[in-house]
$ cat run-v4.txt   # compact mmCIF, C-alpha atoms
# COMPACT_ATOMS: atom_id res chain seq x y z
CA MET A 1 38.56 18.91 -11.34
CA LYS A 2 36.54 18.94 -14.56
CA ILE A 3 32.81 18.99 -13.87
CA ALA A 4 29.90 18.51 -16.27
CA SER A 5 26.81 20.14 -14.79
CA LEU A 6 23.48 18.95 -16.17
CA VAL A 7 21.11 21.92 -16.04
CA SER A 8 17.46 21.81 -17.10
CA GLY A 9 16.47 25.41 -16.40
CA GLY A 10 14.60 24.51 -13.24
CA VAL A 11 15.47 26.09 -9.92
CA ASP A 12 17.23 23.03 -8.48
CA SER A 13 19.75 22.41 -11.27
CA SER A 14 20.23 26.17 -11.70
CA VAL A 15 21.27 26.60 -8.07
CA THR A 16 23.82 23.79 -8.42
CA VAL A 17 25.86 26.00 -10.75
CA HIS A 18 25.93 28.80 -8.16
CA ILE A 19 27.03 26.36 -5.45
CA LEU A 20 29.76 24.87 -7.64
CA LYS A 21 31.13 28.31 -8.47
CA GLU A 22 31.16 29.25 -4.79
CA GLN A 23 33.14 26.07 -4.12
CA GLY A 24 35.75 27.16 -6.66
CA PHE A 25 34.75 24.93 -9.57
CA ASP A 26 34.26 26.02 -13.17
CA PRO A 27 31.66 23.58 -14.52
CA THR A 28 30.74 23.08 -18.15
CA ILE A 29 26.95 23.32 -18.40
CA PHE A 30 25.04 20.83 -20.51
CA TYR A 31 21.40 21.17 -21.52
CA ILE A 32 20.07 17.84 -22.80
CA LYS A 33 17.25 17.84 -25.35
CA ILE A 34 15.08 14.74 -25.10
CA GLY A 35 11.65 16.10 -26.11
CA MET A 36 9.64 14.43 -28.84
CA GLU A 37 9.72 17.33 -31.28
CA ASN A 38 8.65 15.21 -34.24
CA GLU A 39 5.64 13.80 -32.43
CA PRO A 40 2.25 15.08 -33.76
CA GLY A 41 0.71 17.49 -31.29
CA TYR A 42 3.95 17.99 -29.40
CA VAL A 43 4.20 21.44 -27.85
CA ASP A 44 7.38 22.04 -25.92
CA CYS A 45 7.28 25.74 -25.14
CA PRO A 46 8.96 25.08 -21.77
CA ALA A 47 12.08 23.84 -23.62
CA GLU A 48 12.60 27.27 -25.18
CA GLU A 49 12.30 28.88 -21.76
CA ASP A 50 14.56 26.21 -20.25
CA ILE A 51 17.29 26.98 -22.78
CA GLU A 52 16.92 30.72 -22.24
CA ILE A 53 17.33 30.31 -18.47
CA THR A 54 20.23 27.89 -18.85
CA SER A 55 21.93 30.28 -21.28
CA TYR A 56 21.44 33.12 -18.78
CA ILE A 57 23.05 31.08 -16.02
CA ALA A 58 26.00 30.14 -18.22
CA LYS A 59 26.56 33.82 -19.08
CA LYS A 60 26.07 34.95 -15.46
CA TYR A 61 28.75 32.59 -14.17
CA GLY A 62 31.03 32.59 -17.21
CA CYS A 63 30.51 28.90 -17.89
CA LYS A 64 30.77 27.12 -21.20
CA LEU A 65 27.34 25.91 -22.36
CA GLU A 66 26.66 22.96 -24.64
CA ILE A 67 23.13 22.23 -25.86
CA ILE A 68 23.07 18.60 -26.92
CA SER A 69 20.44 16.22 -28.24
CA LEU A 70 19.93 12.70 -26.96
CA GLN A 71 16.49 12.41 -28.52
CA GLU A 72 17.33 9.40 -30.67
CA GLU A 73 18.84 7.53 -27.72
CA TYR A 74 15.89 8.50 -25.56
CA TRP A 75 13.42 7.12 -28.07
CA ASP A 76 15.33 3.89 -28.59
CA ARG A 77 15.94 3.20 -24.92
CA VAL A 78 13.33 4.93 -22.74
CA ILE A 79 10.25 5.53 -24.87
CA ASP A 80 10.44 2.07 -26.40
CA TYR A 81 10.74 0.60 -22.88
CA THR A 82 7.66 2.60 -21.88
CA ILE A 83 5.57 1.44 -24.84
CA GLN A 84 6.59 -2.21 -24.51
CA SER A 85 5.87 -2.19 -20.76
CA VAL A 86 2.42 -0.66 -21.25
CA LYS A 87 1.60 -3.25 -23.93
CA LYS A 88 2.25 -5.96 -21.35
CA GLY A 89 -0.09 -4.31 -18.86
CA LEU A 90 2.77 -3.07 -16.70
CA THR A 91 3.20 0.36 -15.10
CA PRO A 92 6.55 1.71 -16.32
CA ASN A 93 8.62 4.49 -14.81
CA PRO A 94 10.43 6.27 -17.65
CA ASP A 95 12.05 8.78 -15.28
CA VAL A 96 13.93 5.96 -13.52
CA MET A 97 15.17 4.63 -16.84
CA CYS A 98 16.06 8.12 -18.08
CA ASN A 99 18.48 8.55 -15.18
CA LYS A 100 20.02 5.13 -15.69
CA LEU A 101 20.21 5.06 -19.49
CA ILE A 102 20.30 8.68 -20.63
CA LYS A 103 21.54 11.23 -18.07
CA PHE A 104 24.14 8.88 -16.62
CA GLY A 105 24.29 6.44 -19.54
CA SER A 106 24.23 7.86 -23.06
CA PHE A 107 25.46 11.25 -21.82
CA GLU A 108 28.48 9.67 -20.17
CA ASP A 109 29.23 7.59 -23.27
CA LYS A 110 29.06 10.52 -25.69
CA TYR A 111 30.05 13.59 -23.69
CA GLY A 112 31.01 12.77 -20.11
CA LYS A 113 34.15 10.70 -20.42
CA ASP A 114 36.46 13.71 -20.29
CA PHE A 115 34.94 14.93 -17.01
CA ASP A 116 35.83 13.86 -13.50
CA LYS A 117 32.35 14.44 -12.09
CA ILE A 118 28.77 14.90 -13.30
CA THR A 119 26.40 17.03 -11.24
CA THR A 120 22.60 17.28 -11.30
CA GLY A 121 19.90 19.02 -9.32
CA HIS A 122 18.63 15.81 -7.73
CA TYR A 123 17.85 15.76 -4.04
CA ALA A 124 20.27 12.98 -3.13
CA SER A 125 23.79 12.59 -1.76
CA ILE A 126 26.96 10.57 -2.06
CA ILE A 127 28.10 8.92 1.16
CA GLU A 128 31.67 7.68 1.37
CA LYS A 129 32.18 4.80 3.77
CA ASP A 130 35.25 2.55 3.96
CA ASN A 131 36.50 3.99 0.66
CA VAL A 132 33.25 3.07 -1.08
CA ASN A 133 30.74 5.56 -2.46
CA TYR A 134 27.08 4.89 -1.71
CA LEU A 135 23.95 6.58 -3.03
CA GLY A 136 22.65 8.48 -0.02
CA THR A 137 19.31 10.11 0.64
CA ALA A 138 18.84 13.88 0.82
CA VAL A 139 18.51 16.02 3.92
CA ASP A 140 15.06 17.07 2.68
CA LYS A 141 13.18 13.80 3.02
CA ARG A 142 10.07 15.28 1.41
CA LYS A 143 12.02 16.06 -1.77
CA ASP A 144 14.39 13.07 -1.70
CA GLN A 145 14.67 11.71 -5.26
CA THR A 146 16.66 8.55 -4.71
CA TYR A 147 13.60 6.54 -5.77
CA PHE A 148 14.30 7.75 -9.31
CA LEU A 149 18.00 6.83 -8.96
CA GLY A 150 17.53 3.28 -7.69
CA GLN A 151 18.63 1.68 -10.98
CA ILE A 152 22.00 3.41 -11.39
CA ASN A 153 25.20 1.43 -10.85
CA GLN A 154 28.37 1.79 -8.81
CA LYS A 155 30.38 3.25 -11.68
CA GLN A 156 27.76 5.97 -12.11
CA VAL A 157 27.61 6.67 -8.36
CA ASN A 158 31.38 7.13 -8.28
CA LYS A 159 31.15 9.93 -10.84
CA LEU A 160 28.13 11.79 -9.43
CA MET A 161 27.83 14.90 -7.27
CA PHE A 162 24.57 16.29 -5.88
CA PRO A 163 25.31 19.88 -4.77
CA ILE A 164 21.85 20.55 -3.28
CA GLY A 165 21.52 17.23 -1.44
CA GLY A 166 22.35 18.90 1.87
CA LEU A 167 19.69 21.60 1.49
CA ILE A 168 15.94 21.66 1.92
CA LYS A 169 13.80 22.99 -0.90
CA SER A 170 13.03 26.32 0.80
CA GLU A 171 16.77 26.97 1.18
CA VAL A 172 17.30 26.29 -2.53
CA ARG A 173 14.59 28.80 -3.42
CA GLU A 174 16.06 31.33 -0.99
CA ILE A 175 19.44 31.04 -2.72
CA ALA A 176 17.77 31.46 -6.12
CA GLU A 177 15.93 34.58 -4.90
CA LYS A 178 19.07 36.05 -3.36
CA ILE A 179 21.06 35.73 -6.59
CA ASN A 180 18.09 36.75 -8.78
CA LEU A 181 17.79 33.58 -10.79
CA PRO A 182 14.87 33.70 -13.27
CA SER A 183 13.85 30.22 -12.13
CA ALA A 184 13.57 31.22 -8.45
CA HIS A 185 9.77 30.98 -8.35
CA ARG A 186 9.31 28.51 -11.17
CA PRO A 187 7.06 25.59 -10.16
CA ASP A 188 8.54 22.11 -10.02
CA SER A 189 8.05 20.04 -13.15
CA GLN A 190 5.29 17.46 -13.05
CA GLY A 191 4.43 14.45 -15.18
CA ILE A 192 6.49 12.28 -17.48
CA CYS A 193 9.64 13.96 -18.72
CA PHE A 194 9.43 13.22 -22.45
CA LEU A 195 5.80 14.09 -23.16
CA GLY A 196 5.89 17.88 -23.07
CA LYS A 197 2.24 18.89 -23.38
CA ILE A 198 1.14 15.68 -25.11
CA ASN A 199 -1.69 13.94 -23.29
CA TYR A 200 -0.45 10.58 -21.96
CA ASN A 201 -3.52 8.66 -23.14
CA ASP A 202 -3.26 10.22 -26.60
CA PHE A 203 0.36 9.09 -26.77
CA ILE A 204 -0.52 5.54 -25.72
CA LYS A 205 -3.45 5.43 -28.15
CA ARG A 206 -1.19 6.44 -31.04
CA TYR A 207 1.26 3.60 -30.45
CA ILE A 208 -0.91 0.85 -29.02
CA GLY A 209 -4.44 1.70 -30.17
CA GLU A 210 -7.74 0.96 -28.47
CA LYS A 211 -9.68 -2.20 -27.69
CA LYS A 212 -12.95 -2.24 -25.79
CA GLY A 213 -13.06 -4.37 -22.66
CA LYS A 214 -15.15 -4.88 -19.55
CA ILE A 215 -14.83 -3.20 -16.19
CA ILE A 216 -15.91 -5.71 -13.55
CA GLU A 217 -16.46 -5.28 -9.83
CA LEU A 218 -13.93 -7.58 -8.18
CA GLU A 219 -16.08 -8.57 -5.22
CA THR A 220 -19.33 -9.32 -7.09
CA GLY A 221 -18.41 -10.02 -10.70
CA LYS A 222 -20.89 -7.36 -11.80
CA ILE A 223 -20.12 -5.63 -15.11
CA LEU A 224 -19.80 -1.94 -14.33
CA GLY A 225 -18.93 -0.54 -17.74
CA THR A 226 -16.33 -0.63 -20.49
CA HIS A 227 -12.84 0.69 -21.08
CA ASN A 228 -10.72 1.28 -24.18
CA GLY A 229 -7.84 -1.04 -23.29
CA TYR A 230 -6.19 -2.28 -20.13
CA TRP A 231 -3.03 -0.41 -21.14
CA PHE A 232 -4.68 2.91 -20.30
CA HIS A 233 -5.06 1.92 -16.64
CA THR A 234 -2.80 1.14 -13.70
CA ILE A 235 -3.28 -0.52 -10.34
CA GLY A 236 -4.45 2.00 -7.76
CA GLN A 237 -5.91 4.35 -10.36
CA ARG A 238 -8.99 6.23 -9.21
CA ARG A 239 -9.74 8.75 -11.95
CA GLY A 240 -10.59 8.07 -15.57
CA LEU A 241 -12.83 5.01 -15.23
CA GLY A 242 -16.01 6.93 -16.05
CA LEU A 243 -18.07 5.08 -13.42
CA SER A 244 -20.82 6.59 -11.28
CA GLN A 245 -21.45 6.01 -7.57
CA GLY A 246 -17.76 6.05 -6.90
CA PRO A 247 -15.04 6.34 -6.00
CA TRP A 248 -13.77 3.25 -7.83
CA PHE A 249 -10.20 1.98 -7.77
CA VAL A 250 -8.46 -0.27 -10.30
CA VAL A 251 -7.34 -3.26 -8.21
CA LYS A 252 -6.55 -5.92 -10.82
CA LYS A 253 -6.05 -6.38 -14.56
CA ASP A 254 -6.55 -9.44 -16.74
CA THR A 255 -4.36 -8.72 -19.75
CA ASN A 256 -5.32 -11.91 -21.57
CA GLU A 257 -9.03 -11.11 -21.47
CA ASN A 258 -8.64 -7.30 -21.49
CA ILE A 259 -10.60 -6.95 -18.25
CA ILE A 260 -10.21 -4.25 -15.61
CA TYR A 261 -11.33 -5.16 -12.08
CA ALA A 262 -12.42 -2.35 -9.79
CA SER A 263 -13.42 -1.98 -6.14
CA GLN A 264 -15.70 0.68 -4.69
CA GLY A 265 -15.09 3.00 -1.77
CA TYR A 266 -12.55 5.50 -0.54
CA ASP A 267 -10.40 2.77 1.01
CA PRO A 268 -11.28 -0.64 -0.44
CA ALA A 269 -9.48 -3.57 1.16
CA ALA A 270 -8.73 -5.08 -2.26
CA GLN A 271 -6.24 -2.34 -3.09
CA TYR A 272 -3.94 -3.29 -0.18
CA GLU A 273 -1.13 -5.84 -0.09
CA ASP A 274 1.68 -6.59 2.35
CA GLU A 275 3.86 -8.71 0.03
CA ILE A 276 5.79 -7.20 -2.85
CA LEU A 277 7.68 -9.42 -5.27
CA LEU A 278 10.69 -7.98 -7.09
CA ALA A 279 12.29 -9.40 -10.22
CA ASP A 280 15.61 -8.43 -11.83
CA PHE A 281 16.86 -7.01 -8.55
CA HIS A 282 19.83 -4.71 -8.91
CA PHE A 283 22.14 -3.79 -6.04
CA ILE A 284 23.85 -0.45 -6.62
CA ASN A 285 26.86 -1.63 -4.65
CA GLU A 286 27.76 -5.30 -4.35
CA LYS A 287 28.71 -4.81 -0.70
CA ALA A 288 25.04 -4.06 -0.02
CA ASP A 289 24.12 -7.54 -1.26
CA LYS A 290 23.88 -9.30 2.09
CA ASP A 291 22.71 -12.85 2.57
CA TYR A 292 18.99 -12.57 1.91
CA SER A 293 18.38 -16.30 2.25
CA SER A 294 16.76 -15.34 5.54
CA PRO A 295 14.65 -12.20 6.12
CA GLN A 296 16.64 -8.97 6.51
CA LYS A 297 15.16 -5.75 7.86
CA ILE A 298 14.87 -2.96 5.30
CA LYS A 299 13.07 0.24 4.47
CA PHE A 300 11.49 0.58 1.03
CA LYS A 301 9.36 2.61 -1.36
CA ILE A 302 7.15 1.44 -4.22
CA ARG A 303 6.71 4.96 -5.58
CA HIS A 304 8.18 8.42 -5.10
CA THR A 305 6.87 9.43 -1.67
CA PRO A 306 8.36 11.21 1.35
CA GLU A 307 7.66 8.21 3.58
CA PHE A 308 9.71 5.04 3.88
CA THR A 309 7.94 1.78 4.77
CA SER A 310 9.47 -0.80 7.11
CA GLY A 311 9.62 -4.47 6.31
CA THR A 312 11.84 -7.46 5.66
CA MET A 313 13.25 -8.85 2.44
CA ILE A 314 14.15 -12.43 1.55
CA LYS A 315 15.43 -14.00 -1.67
CA LYS A 316 13.71 -17.07 -3.09
CA ASN A 317 15.24 -18.32 -6.33
CA ASP A 318 15.54 -15.21 -8.52
CA ILE A 319 12.79 -13.27 -6.77
CA TYR A 320 13.21 -10.94 -3.80
CA LYS A 321 10.13 -10.84 -1.59
CA ILE A 322 9.35 -7.89 0.64
CA LYS A 323 7.09 -8.48 3.62
CA SER A 324 5.78 -5.08 4.63
CA ASP A 325 5.06 -4.26 8.25
CA VAL A 326 1.86 -2.58 7.07
CA LYS A 327 -0.40 -3.18 4.10
CA ILE A 328 0.13 -0.66 1.32
CA ALA A 329 -2.05 0.40 -1.60
CA GLY A 330 -1.34 0.48 -5.31
CA VAL A 331 1.24 -2.27 -5.75
CA ALA A 332 1.57 -2.14 -9.54
CA ALA A 333 3.52 -4.64 -11.63
CA GLY A 334 6.21 -2.91 -13.65
CA GLN A 335 6.90 -0.18 -11.13
CA PHE A 336 10.11 -0.24 -9.13
CA GLY A 337 10.50 -1.30 -5.54
CA VAL A 338 13.47 0.64 -4.14
CA ILE A 339 15.26 -0.62 -1.04
CA TYR A 340 17.02 1.36 1.70
CA ASN A 341 18.94 0.57 4.85
CA GLU A 342 17.13 0.76 8.18
CA GLU A 343 18.53 4.21 8.91
CA GLU A 344 16.96 5.53 5.68
CA SER A 345 20.32 7.00 4.74
CA ILE A 346 21.50 4.72 1.90
CA CYS A 347 19.69 3.49 -1.20
CA LEU A 348 20.70 -0.14 -1.66
CA GLY A 349 19.08 -0.94 -4.99
CA SER A 350 15.83 -1.78 -6.70
CA GLY A 351 13.83 -4.40 -8.55
CA VAL A 352 10.78 -4.51 -10.80
CA ILE A 353 7.51 -5.29 -9.04
CA CYS A 354 6.15 -8.53 -10.46
CA ASN A 355 3.09 -9.23 -8.30
CA ASP A 356 0.46 -11.13 -10.35
CA LEU A 357 3.13 -12.05 -12.92
CA VAL A 358 4.85 -14.96 -11.14
$ encode --input "run-v4.txt" --output "structure tokens"
Amino acid sequence: MKIASLVSGGVDSSVTVHILKEQGFDPTIFYIKIGMENEPGYVDCPAEEDIEITSYIAKKYGCKLEIISLQEEYWDRVIDYTIQSVKKGLTPNPDVMCNKLIKFGSFEDKYGKDFDKITTGHYASIIEKDNVNYLGTAVDKRKDQTYFLGQINQKQVNKLMFPIGGLIKSEVREIAEKINLPSAHRPDSQGICFLGKINYNDFIKRYIGEKKGKIIELETGKILGTHNGYWFHTIGQRRGLGLSQGPWFVVKKDTNENIIYASQGYDPAAQYEDEILLADFHFINEKADKDYSSPQKIKFKIRHTPEFTSGTMIKKNDIYKIKSDVKIAGVAAGQFGVIYNEEESICLGSGVICNDLV
């Protein structure tokens, strides 16, 4: 079996190579460059270290290494999506789109066709049931990354392997320590994958600019201050408003008038909702598309968290509506709502949150 192993230099993807070799495979390692090297102020020192570690792993295990660039594709497909979403006042998730369009999209189109399987260091699994492959959750529910995989399709699922999906994070680190991997104690990456050390607000300012607007208290209509553009803020945001006597949370945005509405307190009622509307819903496997003309019990996430939330989902016209069993905070238009079966074992699909847009 020919395997393409996507390795970033982090501990998770590095350990996948060790596991594959122990299983008798001889993977070809690919390091994908997506950083914005031509962007002013871009500092991507970690990429140099990533390549050094990946090269070490390839040499250690006698694997062929290919360092490839998908920067142009990433800009055209993921960064443009991010900018256009922010302009509309939405909260994008570029990591979700990177998996769908780049790691398992452009990579497959340009380099992956000659391989039987593609492996990554994601905490996820493939579950075979009745001769159908499903995207399954990981054993380590705290690290489960299926939220970021909720937009991939059946063809992509059929080609994927997740070698660490049956391990918990501490076990992965133990393996890395035992085999003396240089990434054994490396911290997990944080933030948006393409930015490197660029400040997010500086990036947004460069491509969208600034425009002063009002910050208004939702409950009273009182003007609290000003902001530099609704596109710098997201629903549920607490930091960065520059208001005293807080905490203050962003609870609503008026994109037509460039107004940010905020509520005060550590747990304001205005930040909670129990209905989530999803547009452009995508089922990973068509067999998971049950009859949602009446409410069906589901589990779901509206962001990458260890916890699943219980609720029901019903389809009305082209919109899928989730009724949550509990009210949840920070329902932001543009983010993804990812749906799971009741057993929390299979990721069924995802849609784009469109609350306040329909």
$ atom_distance --input "run-v4.txt" --atom1 "CA of Asp318 in chain A" --atom2 "CA of Ile284 in chain A"
17.0 Å
$ residues_near_point --input "run-v4.txt" --point "(26.6, 11.7, 2.7)" --cutoff "12 Å" --atoms "only C-alpha atoms" --output "compact mmCIF listing (two decimals) with C-alpha atoms, in the frame of the given file"
# COMPACT_ATOMS: atom_id res chain seq x y z
CA TYR A 123 17.85 15.76 -4.04
CA ALA A 124 20.27 12.98 -3.13
CA SER A 125 23.79 12.59 -1.76
CA ILE A 126 26.96 10.57 -2.06
CA ILE A 127 28.10 8.92 1.16
CA GLU A 128 31.67 7.68 1.37
CA LYS A 129 32.18 4.80 3.77
CA VAL A 132 33.25 3.07 -1.08
CA ASN A 133 30.74 5.56 -2.46
CA TYR A 134 27.08 4.89 -1.71
CA LEU A 135 23.95 6.58 -3.03
CA GLY A 136 22.65 8.48 -0.02
CA THR A 137 19.31 10.11 0.64
CA ALA A 138 18.84 13.88 0.82
CA VAL A 139 18.51 16.02 3.92
CA MET A 161 27.83 14.90 -7.27
CA PHE A 162 24.57 16.29 -5.88
CA PRO A 163 25.31 19.88 -4.77
CA ILE A 164 21.85 20.55 -3.28
CA GLY A 165 21.52 17.23 -1.44
CA GLY A 166 22.35 18.90 1.87
CA GLU A 344 16.96 5.53 5.68
CA SER A 345 20.32 7.00 4.74
CA ILE A 346 21.50 4.72 1.90
CA CYS A 347 19.69 3.49 -1.20
$ residues_around --input "run-v4.txt" --residues "Leu160 in chain A" --least-positions-apart "6" --cutoff "12 Å" --atoms "only C-alpha atoms" --output "mmCIF file with C-alpha atoms, in the coordinates of the input"
data_model
loop_
_atom_site.group_PDB
_atom_site.id
_atom_site.type_symbol
_atom_site.label_atom_id
_atom_site.label_comp_id
_atom_site.auth_asym_id
_atom_site.auth_seq_id
_atom_site.Cartn_x
_atom_site.Cartn_y
_atom_site.Cartn_z
ATOM 1 C CA ILE A 3 32.810 18.990 -13.870
ATOM 2 C CA ALA A 4 29.900 18.510 -16.270
ATOM 3 C CA SER A 5 26.810 20.140 -14.790
ATOM 4 C CA LEU A 6 23.480 18.950 -16.170
ATOM 5 C CA ASN A 99 18.480 8.550 -15.180
ATOM 6 C CA LYS A 103 21.540 11.230 -18.070
ATOM 7 C CA PHE A 104 24.140 8.880 -16.620
ATOM 8 C CA GLU A 108 28.480 9.670 -20.170
ATOM 9 C CA GLY A 112 31.010 12.770 -20.110
ATOM 10 C CA PHE A 115 34.940 14.930 -17.010
ATOM 11 C CA ASP A 116 35.830 13.860 -13.500
ATOM 12 C CA LYS A 117 32.350 14.440 -12.090
ATOM 13 C CA ILE A 118 28.770 14.900 -13.300
ATOM 14 C CA THR A 119 26.400 17.030 -11.240
ATOM 15 C CA THR A 120 22.600 17.280 -11.300
ATOM 16 C CA GLY A 121 19.900 19.020 -9.320
ATOM 17 C CA HIS A 122 18.630 15.810 -7.730
ATOM 18 C CA ALA A 124 20.270 12.980 -3.130
ATOM 19 C CA SER A 125 23.790 12.590 -1.760
ATOM 20 C CA ILE A 126 26.960 10.570 -2.060
ATOM 21 C CA ILE A 127 28.100 8.920 1.160
ATOM 22 C CA ASN A 133 30.740 5.560 -2.460
ATOM 23 C CA TYR A 134 27.080 4.890 -1.710
ATOM 24 C CA LEU A 135 23.950 6.580 -3.030
ATOM 25 C CA GLY A 136 22.650 8.480 -0.020
ATOM 26 C CA LEU A 149 18.000 6.830 -8.960
ATOM 27 C CA ILE A 152 22.000 3.410 -11.390
ATOM 28 C CA ASN A 153 25.200 1.430 -10.850
ATOM 29 C CA GLN A 154 28.370 1.790 -8.810
#
$ residues_around --input "run-v4.txt" --residues "Asp80 in chain A" --least-positions-apart "5" --cutoff "12 Å" --atoms "all atoms listed in the file" --output "ChimeraX atom specification"
/A:72-75,85-87,92-94,97-98,194,204,207-208
$ atom_distance --input "run-v4.txt" --atom1 "CA of Ile260 in chain A" --atom2 "CA of Pro247 in chain A"
15.1 Å
$ residues_around --input "run-v4.txt" --residues "Lys169 in chain A" --least-positions-apart "4" --cutoff "8 Å" --atoms "all atoms listed in the file" --output "ChimeraX atom specification"
/A:140,143,173
$ atom_distance --input "run-v4.txt" --atom1 "CA of Gln271 in chain A" --atom2 "CA of Gly229 in chain A"
20.3 Å
$ residues_around --input "run-v4.txt" --residues "Gly311 in chain A" --least-positions-apart "5" --cutoff "12 Å" --atoms "all atoms listed in the file" --output "CSV table (one decimal) with C-alpha atoms, in the coordinates of the input"
chain,number,residue,atom,x,y,z
A,274,ASP,CA,1.7,-6.6,2.4
A,275,GLU,CA,3.9,-8.7,0.0
A,276,ILE,CA,5.8,-7.2,-2.8
A,295,PRO,CA,14.6,-12.2,6.1
A,296,GLN,CA,16.6,-9.0,6.5
A,297,LYS,CA,15.2,-5.8,7.9
A,298,ILE,CA,14.9,-3.0,5.3
A,299,LYS,CA,13.1,0.2,4.5
A,300,PHE,CA,11.5,0.6,1.0
A,301,LYS,CA,9.4,2.6,-1.4
A,321,LYS,CA,10.1,-10.8,-1.6
A,322,ILE,CA,9.4,-7.9,0.6
A,323,LYS,CA,7.1,-8.5,3.6
A,324,SER,CA,5.8,-5.1,4.6
A,325,ASP,CA,5.1,-4.3,8.2
A,326,VAL,CA,1.9,-2.6,7.1
A,327,LYS,CA,-0.4,-3.2,4.1
A,328,ILE,CA,0.1,-0.7,1.3
A,339,ILE,CA,15.3,-0.6,-1.0
A,340,TYR,CA,17.0,1.4,1.7
A,341,ASN,CA,18.9,0.6,4.8
A,342,GLU,CA,17.1,0.8,8.2
$ residues_around --input "run-v4.txt" --residues "Asn180 in chain A" --least-positions-apart "2" --cutoff "12 Å" --atoms "all atoms listed in the file" --output "PyMOL selection string"
chain A and resi 11+14-15+18+53+56-57+60+173-178+182-185
